[in-house]
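Enquirer: This is model_5.txt, which holds compact mmCIF, C-alpha atoms:
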# COMPACT_ATOMS: atom_id res chain seq x y z
CA MET A 607 0.00 0.00 0.00
CA LEU A 608 1.34 3.42 -0.92
CA PRO A 609 1.97 5.77 2.04
CA LEU A 610 -0.33 8.75 2.41
CA PRO A 611 1.30 12.07 1.47
CA TYR A 612 -0.15 13.62 4.64
CA PRO A 613 -0.32 11.69 7.94
CA LEU A 614 -3.72 11.24 9.48
CA PRO A 615 -4.03 12.74 12.99
CA SER A 616 -5.24 10.76 15.98
CA ILE A 617 -8.98 10.98 16.72
CA GLY A 618 -8.24 11.30 20.43
CA ASP A 619 -6.21 14.46 19.92
CA PRO A 620 -8.12 17.54 21.21
CA GLN A 621 -7.07 19.53 18.15
CA THR A 622 -8.45 16.79 15.89
CA GLN A 623 -11.70 16.69 17.84
CA ARG A 624 -12.01 20.44 17.42
CA TYR A 625 -11.33 20.06 13.69
CA VAL A 626 -14.03 17.37 13.36
CA LEU A 627 -16.47 19.63 15.21
CA GLY A 628 -15.59 22.37 12.73
CA LEU A 629 -16.38 20.03 9.81
CA PHE A 630 -19.77 19.30 11.37
CA PHE A 631 -20.36 23.04 11.62
CA ILE A 632 -19.49 23.33 7.90
CA ILE A 633 -22.25 20.86 6.99
CA VAL A 634 -24.82 22.70 9.11
CA GLN A 635 -23.65 26.02 7.65
CA CYS A 636 -23.96 24.75 4.06
CA VAL A 637 -27.51 23.48 4.56
CA THR A 638 -28.52 26.77 6.21
CA TRP A 639 -26.79 28.75 3.43
CA VAL A 640 -28.84 27.04 0.71
CA LEU A 641 -32.10 27.41 2.64
CA ALA A 642 -31.38 31.11 3.18
CA GLY A 643 -30.60 31.52 -0.52
CA VAL A 644 -33.87 29.85 -1.50
CA LEU A 645 -35.76 32.13 0.90
CA THR A 646 -34.02 35.17 -0.60
CA GLN A 647 -35.04 34.29 -4.14
CA TYR A 648 -38.57 33.55 -2.91
CA LEU A 649 -38.78 37.05 -1.44
CA TYR A 650 -37.49 38.55 -4.67
CA SER A 651 -39.61 36.57 -7.14
CA THR A 652 -42.85 35.94 -5.24
CA LYS A 653 -43.20 38.63 -2.59
CA GLY A 654 -41.81 41.50 -4.66
CA PHE A 655 -39.24 42.49 -2.03
CA HIS A 656 -36.31 44.13 -3.84
CA SER A 657 -34.13 45.79 -1.21
CA PRO A 658 -30.85 43.92 -0.63
CA PHE A 659 -29.66 46.71 1.67
CA LEU A 660 -32.67 46.50 3.97
CA MET A 661 -32.47 42.71 4.01
CA SER A 662 -28.82 42.86 5.09
CA TYR A 663 -29.53 45.62 7.63
CA ILE A 664 -32.33 43.68 9.34
CA GLY A 665 -30.20 40.53 9.37
CA MET A 666 -27.13 42.31 10.75
CA SER A 667 -29.27 43.96 13.43
CA MET A 668 -30.40 40.52 14.58
CA LEU A 669 -26.86 39.91 15.81
CA ALA A 670 -27.49 42.41 18.62
CA PHE A 671 -29.79 39.84 20.25
CA LEU A 672 -26.71 37.70 20.89
CA LEU A 673 -25.74 40.12 23.68
CA PRO A 674 -28.77 39.44 25.93
CA ILE A 675 -28.51 35.76 25.02
CA LYS A 676 -24.88 35.82 26.19
CA ALA A 677 -25.90 37.58 29.42
CA LEU A 678 -28.57 34.93 30.03
CA THR A 679 -26.22 32.00 29.40
CA ASP A 680 -23.67 33.61 31.71
CA ARG A 681 -26.27 33.90 34.47
CA VAL A 682 -27.34 30.26 34.24
CA GLY A 683 -23.71 29.09 34.00
CA LEU A 684 -23.73 27.75 30.43
CA THR A 685 -20.94 30.08 29.23
CA ASN A 686 -17.89 31.74 30.76
CA PHE A 687 -18.31 35.22 32.20
CA VAL A 688 -16.39 37.93 30.33
CA PRO A 689 -14.92 40.64 32.57
CA VAL A 690 -15.86 44.24 31.83
CA SER A 691 -12.46 45.68 32.73
CA ILE A 692 -8.92 44.38 32.32
CA LYS A 693 -5.95 46.59 33.14
CA SER A 694 -4.04 45.77 29.96
CA PHE A 695 -6.87 47.09 27.79
CA ASP A 696 -8.36 49.94 29.81
CA SER A 697 -6.32 52.77 28.28
CA LEU A 698 -8.52 53.07 25.17
CA GLU A 699 -10.72 55.85 26.55
CA ARG A 700 -7.69 57.85 27.71
CA GLU A 701 -5.94 57.42 24.35
CA ILE A 702 -9.02 58.54 22.41
CA SER A 703 -9.26 61.71 24.53
CA GLN A 704 -5.65 62.55 23.58
CA LEU A 705 -6.17 62.33 19.80
CA GLN A 706 -5.28 65.58 18.03
CA ASN A 707 -5.19 64.82 14.28
CA TYR A 708 -5.77 62.09 11.72
CA THR A 709 -2.21 60.79 12.12
CA ASP A 710 -2.89 60.06 15.78
CA ILE A 711 -6.01 58.13 14.80
CA VAL A 712 -4.03 55.99 12.34
CA ASP A 713 -1.31 55.37 14.95
CA LEU A 714 -3.89 54.35 17.57
CA ALA A 715 -5.65 52.01 15.11
CA SER A 716 -2.29 50.45 14.16
CA ARG A 717 -1.34 49.83 17.79
CA ARG A 718 -4.70 48.31 18.62
CA THR A 719 -4.58 46.10 15.53
CA GLU A 720 -1.09 44.92 16.46
CA GLU A 721 -2.28 44.15 19.99
CA LEU A 722 -5.24 42.15 18.73
CA ILE A 723 -3.03 40.12 16.40
CA GLN A 724 -0.14 39.39 18.74
CA ASN A 725 -1.76 39.03 22.17
CA GLN A 726 -3.32 35.64 21.48
CA ASP A 727 -3.09 34.36 25.06
CA THR A 728 -4.82 37.23 26.87
CA GLN A 729 -8.37 37.11 28.20
CA TRP A 730 -10.62 39.46 26.21
CA ASN A 731 -12.81 42.01 27.97
CA HIS A 732 -15.83 43.82 26.52
CA ARG A 733 -13.75 46.68 25.13
CA ARG A 734 -11.53 44.30 23.23
CA HIS A 735 -14.58 42.60 21.75
CA ILE A 736 -15.85 46.01 20.62
CA VAL A 737 -12.54 46.96 18.98
CA ALA A 738 -12.41 43.66 17.08
CA ALA A 739 -16.06 44.10 16.05
CA MET A 740 -15.23 47.55 14.65
CA TYR A 741 -12.81 45.90 12.22
CA ILE A 742 -14.98 43.01 11.01
CA ALA A 743 -18.43 44.68 10.95
CA PRO A 744 -17.98 46.75 7.72
CA ALA A 745 -16.69 43.82 5.66
CA MET A 746 -19.35 41.52 7.11
CA PHE A 747 -22.18 43.88 6.17
CA CYS A 748 -20.79 44.58 2.69
CA ALA A 749 -20.39 40.86 2.02
CA ASP A 750 -24.01 40.07 2.87
CA TRP A 751 -25.35 43.13 1.00
CA ALA A 752 -23.39 42.25 -2.17
CA CYS A 753 -24.54 38.63 -1.91
CA ASN A 754 -28.20 39.64 -1.60
CA ALA A 755 -27.82 42.10 -4.48
CA ALA A 756 -26.29 39.38 -6.66
CA MET A 757 -29.28 37.09 -6.09
CA VAL A 758 -31.55 39.72 -7.62
CA HIS A 759 -29.82 39.34 -10.99
CA THR A 760 -28.51 35.78 -11.24
CA THR A 761 -29.14 32.25 -9.99
CA LEU A 762 -28.42 30.84 -6.55
CA ALA A 763 -25.97 28.32 -8.03
CA SER A 764 -23.90 31.02 -9.78
CA VAL A 765 -23.79 33.17 -6.64
CA THR A 766 -22.70 30.19 -4.57
CA VAL A 767 -19.93 29.22 -7.01
CA LEU A 768 -18.56 32.75 -7.23
CA ILE A 769 -18.65 33.37 -3.48
CA SER A 770 -16.87 30.06 -2.98
CA THR A 771 -13.84 31.57 -4.73
CA GLN A 772 -13.15 33.47 -1.53
CA SER A 773 -11.05 30.43 -0.59
CA VAL A 774 -8.58 31.47 -3.30
CA LEU A 775 -8.28 34.96 -1.84
CA VAL A 776 -8.13 33.65 1.71
CA PHE A 777 -5.38 31.17 0.88
CA ALA A 778 -3.33 33.86 -0.87
CA MET A 779 -3.72 36.32 2.02
CA ALA A 780 -3.09 33.63 4.64
CA VAL A 781 0.19 32.66 2.95
CA MET A 782 1.24 36.31 2.51
CA LEU A 783 0.51 37.02 6.18
CA ARG A 784 2.20 33.74 7.15
CA LEU A 785 -0.92 32.47 8.86
CA GLU A 786 -0.65 29.24 6.87
CA LYS A 787 2.17 27.39 5.15
CA TYR A 788 2.33 27.25 1.37
CA ASP A 789 1.38 23.91 -0.19
CA HIS A 790 1.57 23.23 -3.93
CA CYS A 791 -1.30 20.74 -3.84
CA LYS A 792 -3.52 23.33 -2.22
CA LEU A 793 -2.49 25.80 -4.93
CA ILE A 794 -3.59 23.28 -7.59
CA GLY A 795 -6.91 22.94 -5.81
CA VAL A 796 -7.60 26.66 -5.70
CA MET A 797 -6.61 27.04 -9.36
CA MET A 798 -9.13 24.35 -10.31
CA ALA A 799 -11.72 26.34 -8.38
CA VAL A 800 -10.83 29.45 -10.37
CA ILE A 801 -11.21 27.57 -13.69
CA GLY A 802 -14.58 26.18 -12.67
CA THR A 803 -15.73 29.62 -11.55
CA ALA A 804 -14.65 31.16 -14.86
CA MET A 805 -16.63 28.52 -16.77
CA THR A 806 -19.77 29.21 -14.75
CA THR A 807 -19.45 32.99 -15.00
CA PHE A 808 -18.80 32.94 -18.75
CA GLU A 809 -21.84 30.74 -19.37
CA ASP A 810 -24.01 32.99 -17.19
CA ALA A 811 -22.97 36.11 -19.11
CA GLU A 812 -23.39 34.46 -22.52
CA THR A 813 -26.83 33.07 -21.71
CA ASP A 814 -28.03 36.39 -20.34
CA MET A 815 -26.79 38.43 -23.31
CA GLU A 816 -28.50 36.06 -25.75
CA ALA A 817 -31.73 36.25 -23.74
CA ASP A 818 -32.29 40.01 -23.44
CA GLY A 819 -29.04 41.81 -24.04
CA THR A 820 -29.14 43.54 -20.63
CA GLY A 821 -26.26 41.75 -18.97
CA ARG A 822 -28.22 41.34 -15.72
CA ALA A 823 -26.62 37.98 -14.88
CA LEU A 824 -23.17 39.44 -15.55
CA PHE A 825 -23.91 42.25 -13.10
CA GLY A 826 -25.04 39.64 -10.57
CA ASP A 827 -21.76 37.76 -11.08
CA VAL A 828 -19.80 40.96 -10.45
CA MET A 829 -21.70 41.59 -7.21
CA ALA A 830 -21.12 37.98 -6.15
CA PHE A 831 -17.39 38.38 -6.75
CA LEU A 832 -17.37 41.59 -4.66
CA ALA A 833 -19.14 39.61 -1.93
CA SER A 834 -16.39 36.97 -2.08
CA VAL A 835 -13.73 39.67 -1.60
CA ALA A 836 -15.58 41.05 1.43
CA PHE A 837 -16.08 37.54 2.85
CA ALA A 838 -12.37 36.81 2.41
CA THR A 839 -11.44 40.08 4.11
CA TYR A 840 -13.29 39.46 7.33
CA SER A 841 -12.37 35.76 7.29
CA ILE A 842 -8.72 36.78 7.52
CA GLN A 843 -9.58 39.41 10.14
CA ILE A 844 -11.21 36.78 12.35
CA ARG A 845 -8.23 34.46 11.89
CA LEU A 846 -5.85 37.29 12.78
CA PHE A 847 -7.70 38.68 15.78
CA CYS A 848 -9.40 35.75 17.50
CA PRO A 849 -7.26 33.46 19.71
CA GLN A 850 -7.11 29.73 18.98
CA ASN A 851 -8.25 29.18 22.57
CA GLU A 852 -11.99 29.91 22.45
CA ASP A 853 -12.10 30.23 26.25
CA LEU A 854 -10.31 33.58 25.97
CA TYR A 855 -13.11 35.36 24.09
CA SER A 856 -16.80 35.06 23.19
CA THR A 857 -18.04 34.70 19.62
CA GLN A 858 -21.48 35.81 20.82
CA LEU A 859 -20.11 39.10 22.17
CA LEU A 860 -17.98 39.70 19.07
CA LEU A 861 -20.90 39.27 16.68
CA GLY A 862 -23.34 41.02 19.01
CA TYR A 863 -21.23 44.17 19.11
CA ALA A 864 -20.72 43.95 15.32
CA GLY A 865 -24.51 44.01 14.94
CA ILE A 866 -24.85 47.09 17.12
CA LEU A 867 -22.01 48.92 15.36
CA CYS A 868 -23.80 48.46 12.01
CA SER A 869 -27.42 48.90 13.07
CA ILE A 870 -27.08 52.24 14.89
CA PRO A 871 -25.31 54.38 12.21
CA LEU A 872 -27.29 52.85 9.31
CA PHE A 873 -30.70 53.13 11.01
CA PRO A 874 -31.80 56.45 9.39
CA PHE A 875 -31.05 55.19 5.88
CA ALA A 876 -32.77 51.85 6.53
CA LEU A 877 -35.83 53.67 7.91
CA TRP A 878 -35.99 55.87 4.80
CA ILE A 879 -35.87 52.83 2.50
CA ALA A 880 -38.54 51.01 4.52
CA TYR A 881 -41.02 53.90 4.25
CA GLU A 882 -40.18 55.43 0.88
CA GLN A 883 -38.76 52.75 -1.41
CA ILE A 884 -40.65 49.52 -0.67
CA THR A 885 -43.89 48.14 0.76
CA LEU A 886 -42.96 46.17 3.86
CA THR A 887 -45.88 43.98 4.94
CA ALA A 888 -45.95 41.95 8.16
CA THR A 889 -45.46 38.69 6.24
CA VAL A 890 -42.48 40.01 4.28
CA PHE A 891 -40.93 41.49 7.42
CA ALA A 892 -41.28 38.16 9.24
CA LEU A 893 -39.63 36.30 6.35
CA VAL A 894 -36.79 38.84 6.22
CA VAL A 895 -36.25 38.42 9.97
CA ILE A 896 -36.13 34.63 9.56
CA LYS A 897 -33.66 35.07 6.71
CA GLY A 898 -31.56 37.38 8.90
CA ILE A 899 -31.49 34.82 11.70
CA MET A 900 -30.31 32.17 9.25
CA ASP A 901 -27.71 34.42 7.63
CA PHE A 902 -26.15 35.93 10.72
CA MET A 903 -27.15 34.22 13.97
CA VAL A 904 -26.55 30.78 12.45
CA ILE A 905 -24.26 31.03 9.40
CA GLU A 906 -21.96 33.82 10.63
CA TYR A 907 -21.74 32.35 14.13
CA LEU A 908 -20.79 28.93 12.76
CA PHE A 909 -18.42 30.56 10.26
CA CYS A 910 -16.47 32.26 13.06
CA ARG A 911 -16.28 29.00 15.00
CA ILE A 912 -15.11 27.13 11.89
CA ILE A 913 -12.34 29.64 11.17
CA VAL A 914 -10.94 29.28 14.69
CA SER A 915 -11.34 25.48 14.74
CA CYS A 916 -10.22 24.55 11.22
CA GLY A 917 -8.47 27.61 9.79
CA ALA A 918 -9.58 30.35 7.41
CA THR A 919 -8.89 28.45 4.19
CA THR A 920 -10.76 25.31 5.27
CA ALA A 921 -13.69 27.41 6.47
CA THR A 922 -14.05 29.19 3.14
CA VAL A 923 -13.37 26.02 1.15
CA GLY A 924 -16.26 24.36 3.00
CA ILE A 925 -18.71 26.70 1.34
CA GLY A 926 -17.99 24.76 -1.87
CA LEU A 927 -20.16 21.94 -0.49
CA THR A 928 -23.15 24.18 -1.11
CA ILE A 929 -22.63 24.05 -4.89
CA PRO A 930 -24.42 20.72 -5.55
CA MET A 931 -27.03 21.75 -3.00
CA ALA A 932 -27.53 25.07 -4.82
CA LEU A 933 -27.82 23.34 -8.20
CA PHE A 934 -30.49 21.08 -6.73
CA ALA A 935 -32.25 24.11 -5.22
CA ASP A 936 -32.25 25.88 -8.60
CA TRP A 937 -33.70 22.74 -10.19
CA MET A 938 -36.45 22.68 -7.55
CA LEU A 939 -37.20 26.35 -8.27
CA GLY A 940 -37.49 25.63 -12.00
CA GLU A 941 -34.18 27.23 -12.98
CA GLY A 942 -32.48 24.01 -14.05
CA VAL A 943 -28.98 23.64 -15.56
CA ASP A 944 -28.91 25.37 -18.93
CA SER A 945 -25.76 23.75 -20.31
CA LEU A 946 -22.99 21.27 -19.64
CA ILE A 947 -20.51 24.15 -19.27
CA SER A 948 -22.16 25.29 -16.02
CA LEU A 949 -22.29 21.70 -14.80
CA TRP A 950 -18.62 21.02 -15.62
CA GLY A 951 -17.71 24.34 -14.02
CA ALA A 952 -19.40 23.28 -10.79
CA VAL A 953 -17.65 19.89 -10.94
CA ALA A 954 -14.26 21.57 -11.38
CA VAL A 955 -14.94 23.77 -8.36
CA ILE A 956 -15.93 20.78 -6.24
CA VAL A 957 -12.81 18.79 -7.22
CA GLY A 958 -10.63 21.80 -6.48
CA PHE A 959 -12.20 22.24 -3.06
CA LEU A 960 -11.72 18.55 -2.29
CA VAL A 961 -8.01 18.85 -3.10
CA VAL A 962 -7.72 21.86 -0.80
CA ASN A 963 -9.50 19.98 1.99
CA LEU A 964 -7.19 16.97 1.65
CA THR A 965 -4.16 19.20 2.19
CA ALA A 966 -5.73 21.39 4.87
CA ASN A 967 -4.31 19.49 7.86
CA SER A 968 -0.73 19.81 6.65
CA SER A 969 -0.76 23.51 5.77
CA SER A 970 -3.28 25.16 8.08
CA GLU A 971 -0.76 25.68 10.86
CA PRO A 972 0.89 29.10 11.08
CA ASP A 973 4.28 29.61 9.49
CA PRO A 974 6.92 29.05 12.22
CA THR A 975 8.79 32.19 11.18
CA PHE A 976 5.65 34.21 11.85
CA VAL A 977 5.33 32.73 15.33
CA ASN A 978 8.97 33.51 16.10
CA ASP A 979 8.54 37.07 14.87
CA GLU A 980 5.56 37.50 17.19
CA LYS A 981 7.55 36.38 20.21
CA GLN A 982 10.34 38.81 19.45
CA THR A 983 8.07 41.83 18.91
CA ASP A 984 7.43 44.22 21.79
CA ILE A 985 3.86 45.47 22.20
CA ILE A 986 3.57 49.19 22.92
If you convert what's in this file into structure tokens, what do you get?
Expert:
Amino acid sequence: MLPLPYPLPSIGDPQTQRYVLGLFFIIVQCVTWVLAGVLTQYLYSTKGFHSPFLMSYIGMSMLAFLLPIKALTDRVGLTNFVPVSIKSFDSLEREISQLQNYTDIVDLASRRTEELIQNQDTQWNHRRHIVAAMYIAPAMFCADWACNAAMVHTTLASVTVLISTQSVLVFAMAVMLRLEKYDHCKLIGVMMAVIGTAMTTFEDAETDMEADGTGRALFGDVMAFLASVAFATYSIQIRLFCPQNEDLYSTQLLLGYAGILCSIPLFPFALWIAYEQITLTATVFALVVIKGIMDFMVIEYLFCRIIVSCGATTATVGIGLTIPMALFADWMLGEGVDSLISLWGAVAVIVGFLVVNLTANSSSEPDPTFVNDEKQTDII
């Protein structure tokens, strides 16, 4: 028997158990992703709801409910209590009061970012959760908004395939930042994903141009690609900021504060859209709320847990499992598969993602030189 190119880890190893739990989360996330996508297209096609921004705003605002849920689970002893004040992180208010110009703001943001990245063994307090949420909230909102906007113009399968290419961006950024080691097999896998994505996108654009000449599906593909860039951005941010030890911070607090940081400043614009641009009935509002719960309180929560448990590349690669599910969902909705090019494109993406997953265990560990650099760097 030929030896395996990558040794299989022991099932009894705590790290392996955490990885297996992350894979289970990926399956749950994929099923929820497809169901949320089907609900989105139902709202667009049947209920006449055409406001991707408002849909993303309501969903992002739902994350704020994680804060009272966290407080309740703390009270009954289901989760670890997070301290409000820690000496090592209580100088933020004083530093903000001393800001004099834009350069000081950039310097403060740089120091806080460096502290989040390098202090991976320090217990987080509420202020640290808020600072981390300030970084990930904009990219998280933009990713969901672009995804919802893409579904207005193209099929669920095409959106899923294009957003799955975030694994390519994540792998490239993870290697550049030395969060993961380079692996040539993984590179082959991500390149296969790119080829499959190009096949699907080209077929979408060609079919749409022949149909009505408007290029609506091509615009949807562009929005889906922008969503993949935003998804990749905050995937790397979570991998950079959040400690590997999940006892040191709370995913509920992180996402809860991200919801508040988006819902408060965007509230006037969302209110204007709700009253001036669309007709928001009770039924539509209830469906949008359900979709928001699926998108953010389930998918985003599991996504953060997967990134910490399995690594950023594996987490984003896992979204590729939704491609056959999305094709089936499109078939159920009457969309069908128009040509073999789209089908072969999806197959190429799946094979590429499988290759990446097979090499994930060997290359998902941080680059040793990055770890050594962290230990030798003094935090101001």
Enquirer: Go ahead and compute the interatomic distance for atom CA of A:Ser764 and atom CA of A:Leu893, in Å to one decimal.
Expert: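 A separation of 23.1 Å between them.
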Enquirer: Could you please determine the separation between atom CA of A:Val758 and atom CA of A:Thr638 in Å, to one decimal place?
Expert: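 These atoms are spaced 19.2 Å apart.
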Enquirer: Considering all atoms listed in the file, can you say which of A:Ile675, A:Leu886, A:Ile913, A:Ala830 comes closest to A:Phe655?
Expert: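 Result for the nearest residue to A:Phe655: A:Leu886.
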Enquirer: Hey, which of A:Leu660, A:Ile844, A:Val765, A:Ile870 ends up closest to A:Cys910? Count all atoms listed in the file.
Expert: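 Looking at the shortest contact to A:Cys910, the residue is A:Ile844.
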Enquirer: Using all atoms listed in the file, which protein or nucleic acid residues come within 8 Å of A:Ala738? Drop anything in the same chain fewer than 4 positions from it, and give the result as a PDB file with C-alpha atoms, in the coordinates of the input.
Expert:
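As a result, around28.pdb now contains:
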ATOM      1  CA  LEU A 722      -5.240  42.150  18.730  1.00  0.00           C
ATOM      2  CA  ARG A 734     -11.530  44.300  23.230  1.00  0.00           C
ATOM      3  CA  ILE A 742     -14.980  43.010  11.010  1.00  0.00           C
ATOM      4  CA  PHE A 847      -7.700  38.680  15.780  1.00  0.00           C
ATOM      5  CA  LEU A 860     -17.980  39.700  19.070  1.00  0.00           C
TER       6      LEU A 860
END
Enquirer: Using Å and a single decimal, report how far atom CA of A:Thr766 sits from atom CA of A:Val895.
Expert: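 Here the two named atoms are 21.5 Å from each other.
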Enquirer: Pick out the residues sitting within 8 Å of A:Trp639, and hand them over as a PyMOL selection string; count all atoms listed in the file, and ignore anything fewer than 4 positions along from it in its own chain.
Expert: chain A and resi 635+643+900-901+905+928
Enquirer: Which residues, written as a VMD selection string, have at least one atom at most 9 Å from A:Tyr907, with only C-alpha atoms counted and residues fewer than 6 positions away on the same chain left out?
Expert: chain A and resid 857 to 858 861
Enquirer: Select, counting all atoms listed in the file, all protein, DNA and RNA residues no farther than 10 Å from (-36.1, 45.1, -2.9) in file coordinates, and express the selection as a ChimeraX atom specification.
Expert: /A:649-650,653-661,754-755,758,879-880,883-886
Enquirer: Would you kindly return, as number ranges by chain, each protein, DNA or RNA residue with an atom no farther than 12 Å from any atom of A:Val634, considering all atoms listed in the file and excluding same-chain residues fewer than 5 positions away?
Expert: A: 627-629, 639-641, 900, 904-909, 912, 924-925, 927-928
